[in-house]
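*Asks:* This is work.cif (mmCIF, C-alpha atoms).
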data_work
loop_
_atom_site.group_PDB
_atom_site.id
_atom_site.type_symbol
_atom_site.label_atom_id
_atom_site.label_comp_id
_atom_site.auth_asym_id
_atom_site.auth_seq_id
_atom_site.Cartn_x
_atom_site.Cartn_y
_atom_site.Cartn_z
ATOM 1 C CA MET O 12 23.760 -9.139 -1.241
ATOM 2 C CA ASN O 13 23.034 -7.714 2.217
ATOM 3 C CA PHE O 14 22.754 -10.534 4.769
ATOM 4 C CA GLY O 15 20.329 -8.365 6.757
ATOM 5 C CA TYR O 16 17.572 -9.116 4.215
ATOM 6 C CA VAL O 17 15.481 -12.112 3.242
ATOM 7 C CA TYR O 18 15.409 -12.070 -0.573
ATOM 8 C CA VAL O 19 12.360 -12.959 -2.669
ATOM 9 C CA ALA O 20 12.287 -13.399 -6.462
ATOM 10 C CA GLY O 21 9.236 -13.375 -8.705
ATOM 11 C CA SER O 22 8.350 -16.084 -11.199
ATOM 12 C CA ASN O 23 9.552 -13.806 -14.015
ATOM 13 C CA SER O 24 12.646 -12.489 -12.243
ATOM 14 C CA THR O 25 16.007 -13.114 -13.878
ATOM 15 C CA ASP O 26 17.715 -16.480 -13.472
ATOM 16 C CA GLU O 27 20.473 -14.786 -11.495
ATOM 17 C CA PHE O 28 17.957 -13.313 -9.054
ATOM 18 C CA LYS O 29 16.237 -16.673 -8.631
ATOM 19 C CA ALA O 30 19.536 -18.425 -7.978
ATOM 20 C CA LYS O 31 20.447 -16.035 -5.168
ATOM 21 C CA ALA O 32 17.006 -15.558 -3.594
ATOM 22 C CA ASP O 33 15.933 -17.197 -0.340
ATOM 23 C CA PHE O 34 12.421 -17.650 -1.748
ATOM 24 C CA VAL O 35 11.271 -17.962 -5.369
ATOM 25 C CA CYS O 36 7.639 -17.442 -6.335
ATOM 26 C CA THR O 37 5.791 -19.589 -8.874
ATOM 27 C CA GLY O 38 3.404 -16.990 -10.319
ATOM 28 C CA LYS O 39 0.414 -18.380 -8.424
ATOM 29 C CA ASN O 40 -0.493 -17.434 -4.840
ATOM 30 C CA ASP O 41 2.785 -15.593 -4.452
ATOM 31 C CA GLU O 42 1.323 -13.914 -1.372
ATOM 32 C CA LEU O 43 2.009 -17.149 0.551
ATOM 33 C CA VAL O 44 5.693 -17.018 -0.355
ATOM 34 C CA ILE O 45 5.955 -13.344 0.573
ATOM 35 C CA GLN O 46 4.232 -14.081 3.889
ATOM 36 C CA LYS O 47 6.767 -16.836 4.626
ATOM 37 C CA ALA O 48 9.576 -14.394 3.913
ATOM 38 C CA ILE O 49 8.044 -11.805 6.248
ATOM 39 C CA ASP O 50 7.590 -14.350 9.025
ATOM 40 C CA LYS O 51 11.209 -15.483 8.590
ATOM 41 C CA CYS O 52 12.512 -11.939 8.752
ATOM 42 C CA VAL O 53 10.665 -11.393 12.031
ATOM 43 C CA LYS O 54 12.183 -14.568 13.531
ATOM 44 C CA THR O 55 15.716 -13.808 12.299
ATOM 45 C CA ASP O 56 15.714 -10.030 12.941
ATOM 46 C CA LYS O 57 15.990 -9.262 9.230
ATOM 47 C CA ASN O 58 13.940 -7.398 6.613
ATOM 48 C CA VAL O 59 12.376 -8.362 3.272
ATOM 49 C CA PHE O 60 13.851 -7.475 -0.110
ATOM 50 C CA LEU O 61 11.711 -8.068 -3.205
ATOM 51 C CA LEU O 62 13.720 -8.474 -6.400
ATOM 52 C CA ASN O 63 12.297 -7.065 -9.627
ATOM 53 C CA GLY O 64 9.396 -9.094 -10.928
ATOM 54 C CA LYS O 65 5.637 -9.498 -11.008
ATOM 55 C CA TYR O 66 4.166 -11.161 -7.915
ATOM 56 C CA SER O 67 0.713 -12.690 -8.373
ATOM 57 C CA ILE O 68 -1.612 -12.162 -5.415
ATOM 58 C CA ASP O 69 -4.501 -14.619 -5.721
ATOM 59 C CA ALA O 70 -6.327 -14.874 -2.381
ATOM 60 C CA LEU O 71 -7.379 -13.049 0.770
ATOM 61 C CA TYR O 72 -7.006 -14.632 4.212
ATOM 62 C CA ASP O 73 -8.404 -14.391 7.724
ATOM 63 C CA PHE O 74 -5.397 -14.065 10.015
ATOM 64 C CA GLY O 75 -7.512 -14.580 13.129
ATOM 65 C CA ASP O 76 -6.762 -11.173 14.652
ATOM 66 C CA ASN O 77 -10.219 -9.598 14.101
ATOM 67 C CA GLY O 78 -8.784 -7.422 11.350
ATOM 68 C CA PRO O 79 -9.907 -7.180 7.731
ATOM 69 C CA LEU O 80 -9.250 -10.032 5.339
ATOM 70 C CA THR O 81 -5.866 -9.431 3.766
ATOM 71 C CA THR O 82 -3.359 -11.009 1.420
ATOM 72 C CA ILE O 83 -0.265 -10.045 3.456
ATOM 73 C CA CYS O 84 -0.091 -9.420 7.209
ATOM 74 C CA VAL O 85 3.035 -7.963 8.827
ATOM 75 C CA PRO O 86 3.512 -9.027 12.478
ATOM 76 C CA ASN O 87 4.000 -6.360 15.129
ATOM 77 C CA ALA O 88 7.647 -7.032 15.953
ATOM 78 C CA HIS O 89 8.345 -4.006 18.207
ATOM 79 C CA ARG O 90 10.888 -2.854 15.643
ATOM 80 C CA GLU O 91 10.709 -1.475 12.133
ATOM 81 C CA ILE O 92 9.967 -4.102 9.475
ATOM 82 C CA ARG O 93 11.164 -3.077 6.017
ATOM 83 C CA ILE O 94 9.661 -4.425 2.818
ATOM 84 C CA ILE O 95 11.891 -2.960 0.137
ATOM 85 C CA GLY O 96 11.721 -3.433 -3.623
ATOM 86 C CA LEU O 97 14.773 -3.338 -5.854
ATOM 87 C CA SER O 98 13.381 -0.787 -8.348
ATOM 88 C CA HIS O 99 10.487 1.635 -8.477
ATOM 89 C CA GLU O 100 8.338 1.264 -11.603
ATOM 90 C CA TYR O 101 8.964 3.614 -14.515
ATOM 91 C CA GLY O 102 5.390 3.964 -15.699
ATOM 92 C CA PHE O 103 2.276 1.870 -16.280
ATOM 93 C CA GLN O 104 0.777 3.562 -19.316
ATOM 94 C CA LYS O 105 0.781 0.391 -21.427
ATOM 95 C CA SER O 106 2.039 -2.393 -19.144
ATOM 96 C CA PHE O 107 2.985 -3.119 -15.568
ATOM 97 C CA ASP O 108 5.919 -5.450 -15.974
ATOM 98 C CA ASN O 109 8.747 -3.294 -14.663
ATOM 99 C CA GLY O 110 10.139 -2.939 -11.162
ATOM 100 C CA VAL O 111 8.441 -4.724 -8.257
ATOM 101 C CA VAL O 112 4.721 -5.279 -8.856
ATOM 102 C CA LEU O 113 2.202 -6.963 -6.576
ATOM 103 C CA TYR O 114 -0.614 -7.826 -8.979
ATOM 104 C CA VAL O 115 -3.896 -8.612 -7.198
ATOM 105 C CA SER O 116 -5.869 -10.891 -9.511
ATOM 106 C CA ALA O 117 -9.582 -10.771 -10.215
ATOM 107 C CA ASP O 118 -9.854 -14.186 -8.525
ATOM 108 C CA ALA O 119 -8.583 -12.693 -5.282
ATOM 109 C CA ILE O 120 -11.209 -9.966 -5.132
ATOM 110 C CA MET O 121 -14.152 -11.145 -7.248
ATOM 111 C CA ASN O 122 -16.016 -12.769 -4.334
ATOM 112 C CA THR O 123 -15.041 -10.140 -1.816
ATOM 113 C CA GLU O 124 -18.015 -7.946 -1.032
ATOM 114 C CA ILE O 125 -16.784 -7.204 2.483
ATOM 115 C CA ASP O 126 -15.955 -3.584 3.200
ATOM 116 C CA ASN O 127 -12.289 -2.797 3.556
ATOM 117 C CA ALA O 128 -10.519 -6.016 2.659
ATOM 118 C CA ASP O 129 -6.788 -5.271 2.429
ATOM 119 C CA VAL O 130 -3.749 -6.175 0.392
ATOM 120 C CA ILE O 131 -1.107 -5.186 2.967
ATOM 121 C CA ARG O 132 -1.620 -4.425 6.651
ATOM 122 C CA ASN O 133 -0.051 -4.925 10.060
ATOM 123 C CA ALA O 134 -1.410 -7.378 12.597
ATOM 124 C CA TRP O 135 -4.636 -6.026 14.075
ATOM 125 C CA SER O 136 -4.906 -4.628 17.596
ATOM 126 C CA ASP O 137 -7.445 -2.599 19.546
ATOM 127 C CA LYS O 138 -5.692 0.638 18.637
ATOM 128 C CA GLY O 139 -2.909 1.675 16.301
ATOM 129 C CA ILE O 140 -0.784 3.268 18.999
ATOM 130 C CA GLN O 141 2.137 1.753 20.934
ATOM 131 C CA ASN O 142 1.291 -1.674 19.567
ATOM 132 C CA GLY O 143 4.774 -2.555 18.322
ATOM 133 C CA ALA O 144 3.975 -1.959 14.646
ATOM 134 C CA ALA O 145 6.537 -0.020 12.621
ATOM 135 C CA LEU O 146 6.590 -0.472 8.857
ATOM 136 C CA ARG O 147 8.650 0.836 5.963
ATOM 137 C CA LEU O 148 7.461 0.199 2.394
ATOM 138 C CA GLU O 149 9.662 1.307 -0.467
ATOM 139 C CA ASN O 150 10.008 0.825 -4.246
ATOM 140 C CA LEU O 151 6.949 -1.272 -4.960
ATOM 141 C CA SER O 152 3.612 -1.134 -6.746
ATOM 142 C CA VAL O 153 0.236 -2.652 -5.921
ATOM 143 C CA VAL O 154 -2.009 -3.205 -8.939
ATOM 144 C CA LEU O 155 -5.615 -4.325 -8.518
ATOM 145 C CA ALA O 156 -7.175 -6.229 -11.427
ATOM 146 C CA ASN O 157 -10.148 -3.881 -11.254
ATOM 147 C CA ASN O 158 -11.763 -1.256 -9.052
ATOM 148 C CA GLN O 159 -15.195 -2.887 -8.766
ATOM 149 C CA HIS O 160 -14.705 -4.335 -5.278
ATOM 150 C CA PRO O 161 -14.130 -2.738 -1.850
ATOM 151 C CA VAL O 162 -10.427 -3.451 -1.460
ATOM 152 C CA ARG O 163 -7.807 -1.253 0.194
ATOM 153 C CA CYS O 164 -4.262 -1.614 -1.137
ATOM 154 C CA ILE O 165 -2.301 -0.415 1.902
ATOM 155 C CA ASP O 166 -3.954 -0.241 5.323
ATOM 156 C CA LEU O 167 -1.893 1.508 8.003
ATOM 157 C CA ARG O 168 -4.632 1.912 10.608
ATOM 158 C CA ARG O 169 -2.779 -0.427 12.983
ATOM 159 C CA THR O 170 0.729 0.770 12.163
ATOM 160 C CA ASP O 171 2.241 3.025 14.795
ATOM 161 C CA ARG O 172 5.260 4.325 12.862
ATOM 162 C CA VAL O 173 5.253 4.655 9.084
ATOM 163 C CA GLU O 174 7.677 5.333 6.258
ATOM 164 C CA VAL O 175 6.289 4.905 2.728
ATOM 165 C CA LYS O 176 8.400 5.880 -0.265
ATOM 166 C CA ASN O 177 8.172 5.342 -4.037
ATOM 167 C CA VAL O 178 4.885 3.447 -4.033
ATOM 168 C CA MET O 179 2.463 3.267 -6.965
ATOM 169 C CA LEU O 180 -1.132 2.082 -6.471
ATOM 170 C CA ILE O 181 -3.346 1.300 -9.484
ATOM 171 C CA SER O 182 -6.929 0.038 -9.436
ATOM 172 C CA TYR O 183 -7.502 -0.965 -13.088
ATOM 173 C CA GLY O 184 -4.695 -3.373 -13.948
ATOM 174 C CA ASP O 185 -6.693 -5.583 -16.303
ATOM 175 C CA SER O 186 -7.500 -2.534 -18.438
ATOM 176 C CA ILE O 187 -3.832 -1.761 -19.014
ATOM 177 C CA ALA O 188 -2.563 -3.109 -22.345
ATOM 178 C CA LYS O 189 -0.446 -2.030 -25.279
ATOM 179 C CA ALA O 190 -3.586 -1.618 -27.400
ATOM 180 C CA SER O 191 -5.462 0.282 -24.678
ATOM 181 C CA ASP O 192 -5.466 3.976 -23.764
ATOM 182 C CA VAL O 193 -7.156 3.433 -20.385
ATOM 183 C CA GLY O 194 -5.358 5.608 -17.876
ATOM 184 C CA LEU O 195 -4.172 7.926 -20.626
ATOM 185 C CA GLY O 196 -6.811 9.385 -22.965
ATOM 186 C CA VAL O 197 -9.495 6.999 -21.710
ATOM 187 C CA ALA O 198 -10.776 7.058 -18.140
ATOM 188 C CA PRO O 199 -10.842 3.781 -16.209
ATOM 189 C CA PRO O 200 -14.167 2.409 -14.926
ATOM 190 C CA VAL O 201 -15.799 4.386 -12.133
ATOM 191 C CA PRO O 202 -14.591 2.794 -8.860
ATOM 192 C CA VAL O 203 -16.984 1.419 -6.261
ATOM 193 C CA LYS O 204 -17.128 2.837 -2.764
ATOM 194 C CA GLY O 205 -14.525 1.178 -0.568
ATOM 195 C CA CYS O 206 -11.930 0.795 -3.316
ATOM 196 C CA ILE O 207 -9.100 2.715 -1.634
ATOM 197 C CA GLY O 208 -5.447 3.255 -2.406
ATOM 198 C CA LEU O 209 -3.907 3.963 0.992
ATOM 199 C CA THR O 210 -5.274 4.605 4.468
ATOM 200 C CA MET O 211 -2.998 6.281 6.986
ATOM 201 C CA THR O 212 -2.659 5.595 10.696
ATOM 202 C CA ASP O 213 -4.921 5.554 13.739
ATOM 203 C CA GLY O 214 -3.294 8.659 15.178
ATOM 204 C CA SER O 215 -0.889 9.611 17.971
ATOM 205 C CA ASN O 216 1.969 8.225 15.924
ATOM 206 C CA TYR O 217 5.247 7.263 17.496
ATOM 207 C CA ALA O 218 7.986 9.505 16.086
ATOM 208 C CA TYR O 219 6.880 10.080 12.470
ATOM 209 C CA SER O 220 4.468 9.352 9.636
ATOM 210 C CA ASN O 221 6.191 10.041 6.312
ATOM 211 C CA TYR O 222 4.982 9.528 2.748
ATOM 212 C CA THR O 223 7.136 10.347 -0.291
ATOM 213 C CA ASN O 224 6.298 9.759 -3.969
ATOM 214 C CA VAL O 225 3.041 7.893 -3.350
ATOM 215 C CA ASP O 226 0.609 7.845 -6.271
ATOM 216 C CA ALA O 227 -2.898 6.339 -6.339
ATOM 217 C CA LEU O 228 -4.749 5.996 -9.655
ATOM 218 C CA GLY O 229 -8.412 5.186 -10.251
ATOM 219 C CA PHE O 230 -9.718 4.727 -6.691
ATOM 220 C CA TYR O 231 -12.927 5.798 -4.967
ATOM 221 C CA GLU O 232 -10.635 7.400 -2.391
ATOM 222 C CA GLY O 233 -7.014 7.671 -3.418
ATOM 223 C CA ILE O 234 -5.349 8.524 -0.114
ATOM 224 C CA GLN O 235 -7.227 8.598 3.190
ATOM 225 C CA VAL O 236 -5.234 11.043 5.285
ATOM 226 C CA GLY O 237 -5.106 10.719 9.062
ATOM 227 C CA GLY O 238 -2.778 10.245 11.985
ATOM 228 C CA GLU O 239 -0.363 12.715 13.515
ATOM 229 C CA HIS O 240 2.831 14.399 12.372
ATOM 230 C CA VAL O 241 2.056 13.558 8.754
ATOM 231 C CA ILE O 242 4.403 14.697 5.997
ATOM 232 C CA CYS O 243 3.436 14.003 2.365
ATOM 233 C CA ILE O 244 5.923 14.959 -0.347
ATOM 234 C CA ASN O 245 5.085 14.532 -4.045
ATOM 235 C CA CYS O 246 2.003 12.428 -3.324
ATOM 236 C CA GLY O 247 -0.994 12.359 -5.624
ATOM 237 C CA ALA O 248 -4.293 10.697 -6.460
ATOM 238 C CA THR O 249 -5.709 10.933 -9.970
ATOM 239 C CA ILE O 250 -8.528 9.726 -12.268
ATOM 240 C CA GLY O 251 -10.742 8.551 -9.398
ATOM 241 C CA ASN O 252 -13.636 9.884 -7.321
ATOM 242 C CA TYR O 253 -11.867 11.538 -4.399
ATOM 243 C CA GLY O 254 -8.183 12.322 -4.334
ATOM 244 C CA PHE O 255 -7.319 13.061 -0.713
ATOM 245 C CA THR O 256 -9.854 12.636 2.090
ATOM 246 C CA PHE O 257 -9.146 13.823 5.611
ATOM 247 C CA GLY O 258 -10.366 11.996 8.714
ATOM 248 C CA ASN O 259 -12.775 9.912 6.662
ATOM 249 C CA TYR O 260 -12.290 6.698 8.634
ATOM 250 C CA PRO O 261 -12.791 5.752 12.308
ATOM 251 C CA ILE O 262 -9.903 6.561 14.627
ATOM 252 C CA HIS O 263 -9.088 5.755 18.252
ATOM 253 C CA CYS O 264 -6.278 8.217 18.945
ATOM 254 C CA GLY O 265 -5.399 11.851 18.303
ATOM 255 C CA SER O 266 -5.477 12.420 14.565
ATOM 256 C CA ASN O 267 -5.355 14.919 11.702
ATOM 257 C CA HIS O 268 -2.859 17.274 13.283
ATOM 258 C CA PRO O 269 -0.553 18.497 11.951
ATOM 259 C CA ILE O 270 -0.661 17.452 8.301
ATOM 260 C CA THR O 271 1.674 18.899 5.680
ATOM 261 C CA LEU O 272 1.214 18.240 1.964
ATOM 262 C CA ILE O 273 4.077 19.399 -0.242
ATOM 263 C CA THR O 274 3.406 19.244 -3.996
ATOM 264 C CA ALA O 275 0.231 17.192 -3.842
ATOM 265 C CA TRP O 276 -1.976 16.708 -6.879
ATOM 266 C CA MET O 277 -5.494 15.565 -7.728
ATOM 267 C CA ARG O 278 -5.819 15.548 -11.517
ATOM 268 C CA GLY O 279 -8.827 14.122 -13.325
ATOM 269 C CA ILE O 280 -10.802 13.584 -10.123
ATOM 270 C CA LEU O 281 -14.465 12.936 -10.946
ATOM 271 C CA ILE O 282 -15.601 14.745 -7.796
ATOM 272 C CA PHE O 283 -13.160 17.494 -6.909
ATOM 273 C CA ARG O 284 -13.864 17.695 -3.227
ATOM 274 C CA ILE O 285 -12.043 16.984 0.008
ATOM 275 C CA LEU O 286 -14.086 15.019 2.529
ATOM 276 C CA VAL O 287 -13.525 16.015 6.120
ATOM 277 C CA SER O 288 -15.046 14.117 9.018
ATOM 278 C CA GLY O 289 -13.925 13.185 12.513
ATOM 279 C CA ALA O 290 -12.296 15.349 15.151
ATOM 280 C CA GLU O 291 -9.138 17.337 15.826
ATOM 281 C CA MET O 292 -8.558 18.869 12.400
ATOM 282 C CA THR O 293 -6.182 21.500 13.740
ATOM 283 C CA THR O 294 -3.576 22.050 11.027
ATOM 284 C CA VAL O 295 -3.528 21.315 7.302
ATOM 285 C CA LYS O 296 -0.835 22.853 5.139
ATOM 286 C CA ALA O 297 -0.981 22.365 1.397
ATOM 287 C CA VAL O 298 1.852 23.520 -0.845
ATOM 288 C CA GLY O 299 1.496 23.111 -4.597
ATOM 289 C CA LEU O 300 -1.943 21.454 -4.467
#
As structure tokens, what does this structure read like?
*Replies:*
Amino acid sequence: MNFGYVYVAGSNSTDEFKAKADFVCTGKNDELVIQKAIDKCVKTDKNVFLLNGKYSIDALYDFGDNGPLTTICVPNAHREIRIIGLSHEYGFQKSFDNGVVLYVSADAIMNTEIDNADVIRNAWSDKGIQNGAALRLENLSVVLANNQHPVRCIDLRRTDRVEVKNVMLISYGDSIAKASDVGLGVAPPVPVKGCIGLTMTDGSNYAYSNYTNVDALGFYEGIQVGGEHVICINCGATIGNYGFTFGNYPIHCGSNHPITLITAWMRGILIFRILVSGAEMTTVKAVGL
């Protein structure tokens, strides 16, 4: 195992993984264990490695930084923080018990009627530029119990430099079962406004803003595109209201230029339309849309 990582195992991870992990989750409020691992990695100049398993996310918290309620908050460490999963999921047609899965329970979101509560975000600041926030997310899935509450899975509005790769976002986890065709031949429930897969950055990004193999299923807005120097490769948003929206959230810095989408898809979108609001939409390239 790489000593540059803090290792976390899920409650259903293998015995070998649990024996070698620095932290082992119990299957209840696993977000607290993951947060401890993140805080340790910041203090010890390491990164976080999530071993294969299902991690139960059961509450939202106020981190006292004037940002949205969130389950996990990544400090702004003035270096890249990596949260890496061991394996990317293989498919959630009938179950979501493979790879690294952050399952956000109905209990976590049922009393949340606040716009834009988050699952993962950086520490909040006045603007998302030159604030010391650099984040890499790779090989993990975020599964909401349902899409009937205004919850955003990944919020990058206060992340200055971004690398997201092999990430699956699903909004209808409790409808996925071996005896169910929801997500296949049966559409999931219509999502409420504010149920969002991923929101990009505040703009004027430092160095790069890269997204590869990101898929958002069943959201009101699948991927809210923004920021600068954005490259999306093999990213998609399906069976929701809006697939990609451009500039459809408040920004404080230069944004929406240039944006390149390579092999992007929006299949089964209830409203096949791209929302565009905000300023500085100078370049959008779409290849294979």
*Asks:* Provide the CA of Pro269 in chain O to CA of His240 in chain O distance in Å, to one decimal place.
*Replies:*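 It comes out at 5.3 Å.
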*Asks:* Please list as JSON, numbers by chain every residue within 12 Å of Arg168 in chain O, counting all atoms listed in the file and excluding residues in the same chain fewer than 5 positions away.
*Replies:* {"O": [78, 79, 127, 129, 131, 132, 133, 134, 135, 136, 137, 138, 139, 140, 142, 144, 145, 146, 163, 173, 209, 210, 211, 212, 213, 214, 215, 216, 220, 235, 236, 237, 238, 239, 258, 260, 261, 262, 263, 264, 266]}
*Asks:* For this file, the PyMOL selection byres ((chain O and resi 50) around 12) selects which residues, as a ChimeraX atom specification?
*Replies:* /O:17,43-49,51-59,83-88,92,94,134
*Asks:* Which residue is closest to Asn63 in chain O? Choose from O:Val175, O:Cys36, O:Ile207, O:Val162 and count all atoms listed in the file.
*Replies:*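 Closest residue, counting all atoms listed in the file: O:Cys36.
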*Asks:* Find the residue from O:Thr37, O:Asn177, O:Ser186, O:Ser67 that sits nearest to Tyr101 in chain O; use all atoms listed in the file when measuring.
*Replies:*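 Closest candidate: O:Asn177.
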*Asks:* Name the closest residue to Val178 in chain O among the candidates O:Gly96, O:Gly229, O:Pro199, O:Gly254; distances are taken between atoms, counting all atoms listed in the file.
*Replies:*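 Smallest separation from Val178 in chain O among the options: O:Gly96.
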*Asks:* Identify, on the basis of all atoms listed in the file, every residue whose closest approach to Ile242 in chain O does not exceed 12 Å; exclude the query and any residue fewer than 4 positions from it along the same chain; express the result as a PyMOL selection string.
*Replies:* chain O and resi 173-176+211+218-225+236-238+246+267-275+294-298
*Asks:* Kindly indicate which residue among O:Arg93, O:Lys39, O:His99, O:Lys29 lies nearest to Ala70 in chain O, using all atoms listed in the file for the distances.
*Replies:*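 So, comparing all the options, the nearest one is O:Lys39.
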*Asks:* Please determine, counting only C-alpha atoms, which residue among O:Phe60, O:Phe255, O:Tyr231, O:Tyr66 has the shortest atom-to-atom distance to Arg147 in chain O.
*Replies:*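 That would be O:Phe60, the residue with the smallest distance to Arg147 in chain O.
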*Asks:* If the box runs along x, y and z of the file and leaves 6 Å on each side of range 221-227 of chain O, what are its centre and edge lengths in Å, one decimal, as lines of an AutoDock Vina configuration file?
*Replies:*
center_x = 2.1
center_y = 8.3
center_z = 0.0
size_x = 22.0
size_y = 16.0
size_z = 24.7
*Asks:* Output the residue selection produced by the PyMOL selection byres ((chain O and resi 106-118) around 9) on the file above, formatted as an MDAnalysis selection string.
*Replies:* chainID O and resid 21 41:42 61:70 82 96:105 119:122 130 150:157 184:185 187:189
*Asks:* Would you mind exporting C-alpha atoms of the selected residues as a PDB file, in the coordinates of the input?
*Replies:*
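Output saved as part-v9.pdb:
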ATOM      1  CA  GLY O  21       9.236 -13.375  -8.705  1.00  0.00           C
ATOM      2  CA  ASP O  41       2.785 -15.593  -4.452  1.00  0.00           C
ATOM      3  CA  GLU O  42       1.323 -13.914  -1.372  1.00  0.00           C
ATOM      4  CA  LEU O  61      11.711  -8.068  -3.205  1.00  0.00           C
ATOM      5  CA  LEU O  62      13.720  -8.474  -6.400  1.00  0.00           C
ATOM      6  CA  ASN O  63      12.297  -7.065  -9.627  1.00  0.00           C
ATOM      7  CA  GLY O  64       9.396  -9.094 -10.928  1.00  0.00           C
ATOM      8  CA  LYS O  65       5.637  -9.498 -11.008  1.00  0.00           C
ATOM      9  CA  TYR O  66       4.166 -11.161  -7.915  1.00  0.00           C
ATOM     10  CA  SER O  67       0.713 -12.690  -8.373  1.00  0.00           C
ATOM     11  CA  ILE O  68      -1.612 -12.162  -5.415  1.00  0.00           C
ATOM     12  CA  ASP O  69      -4.501 -14.619  -5.721  1.00  0.00           C
ATOM     13  CA  ALA O  70      -6.327 -14.874  -2.381  1.00  0.00           C
ATOM     14  CA  THR O  82      -3.359 -11.009   1.420  1.00  0.00           C
ATOM     15  CA  GLY O  96      11.721  -3.433  -3.623  1.00  0.00           C
ATOM     16  CA  LEU O  97      14.773  -3.338  -5.854  1.00  0.00           C
ATOM     17  CA  SER O  98      13.381  -0.787  -8.348  1.00  0.00           C
ATOM     18  CA  HIS O  99      10.487   1.635  -8.477  1.00  0.00           C
ATOM     19  CA  GLU O 100       8.338   1.264 -11.603  1.00  0.00           C
ATOM     20  CA  TYR O 101       8.964   3.614 -14.515  1.00  0.00           C
ATOM     21  CA  GLY O 102       5.390   3.964 -15.699  1.00  0.00           C
ATOM     22  CA  PHE O 103       2.276   1.870 -16.280  1.00  0.00           C
ATOM     23  CA  GLN O 104       0.777   3.562 -19.316  1.00  0.00           C
ATOM     24  CA  LYS O 105       0.781   0.391 -21.427  1.00  0.00           C
ATOM     25  CA  ALA O 119      -8.583 -12.693  -5.282  1.00  0.00           C
ATOM     26  CA  ILE O 120     -11.209  -9.966  -5.132  1.00  0.00           C
ATOM     27  CA  MET O 121     -14.152 -11.145  -7.248  1.00  0.00           C
ATOM     28  CA  ASN O 122     -16.016 -12.769  -4.334  1.00  0.00           C
ATOM     29  CA  VAL O 130      -3.749  -6.175   0.392  1.00  0.00           C
ATOM     30  CA  ASN O 150      10.008   0.825  -4.246  1.00  0.00           C
ATOM     31  CA  LEU O 151       6.949  -1.272  -4.960  1.00  0.00           C
ATOM     32  CA  SER O 152       3.612  -1.134  -6.746  1.00  0.00           C
ATOM     33  CA  VAL O 153       0.236  -2.652  -5.921  1.00  0.00           C
ATOM     34  CA  VAL O 154      -2.009  -3.205  -8.939  1.00  0.00           C
ATOM     35  CA  LEU O 155      -5.615  -4.325  -8.518  1.00  0.00           C
ATOM     36  CA  ALA O 156      -7.175  -6.229 -11.427  1.00  0.00           C
ATOM     37  CA  ASN O 157     -10.148  -3.881 -11.254  1.00  0.00           C
ATOM     38  CA  GLY O 184      -4.695  -3.373 -13.948  1.00  0.00           C
ATOM     39  CA  ASP O 185      -6.693  -5.583 -16.303  1.00  0.00           C
ATOM     40  CA  ILE O 187      -3.832  -1.761 -19.014  1.00  0.00           C
ATOM     41  CA  ALA O 188      -2.563  -3.109 -22.345  1.00  0.00           C
ATOM     42  CA  LYS O 189      -0.446  -2.030 -25.279  1.00  0.00           C
TER      43      LYS O 189
END
*Asks:* Separation of CA of Asn40 in chain O and CA of Pro200 in chain O, in Å?
*Replies:* 26.1 Å
*Asks:* Kindly give the distance, in Å, that separates CA of Gly247 in chain O and CA of Gly208 in chain O, rounded to a single decimal.
*Replies:*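 If I compute the distance from CA of Gly247 in chain O to CA of Gly208 in chain O, I get 10.6 Å.
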*Asks:* Which one is closest to Cys164 in chain O: O:Val19, O:Val201, O:Cys206, O:Ala30? Count all atoms listed in the file.
*Replies:*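 Checking each of O:Val19, O:Val201, O:Cys206, O:Ala30 against Cys164 in chain O, counting all atoms listed in the file, the winner is O:Cys206.
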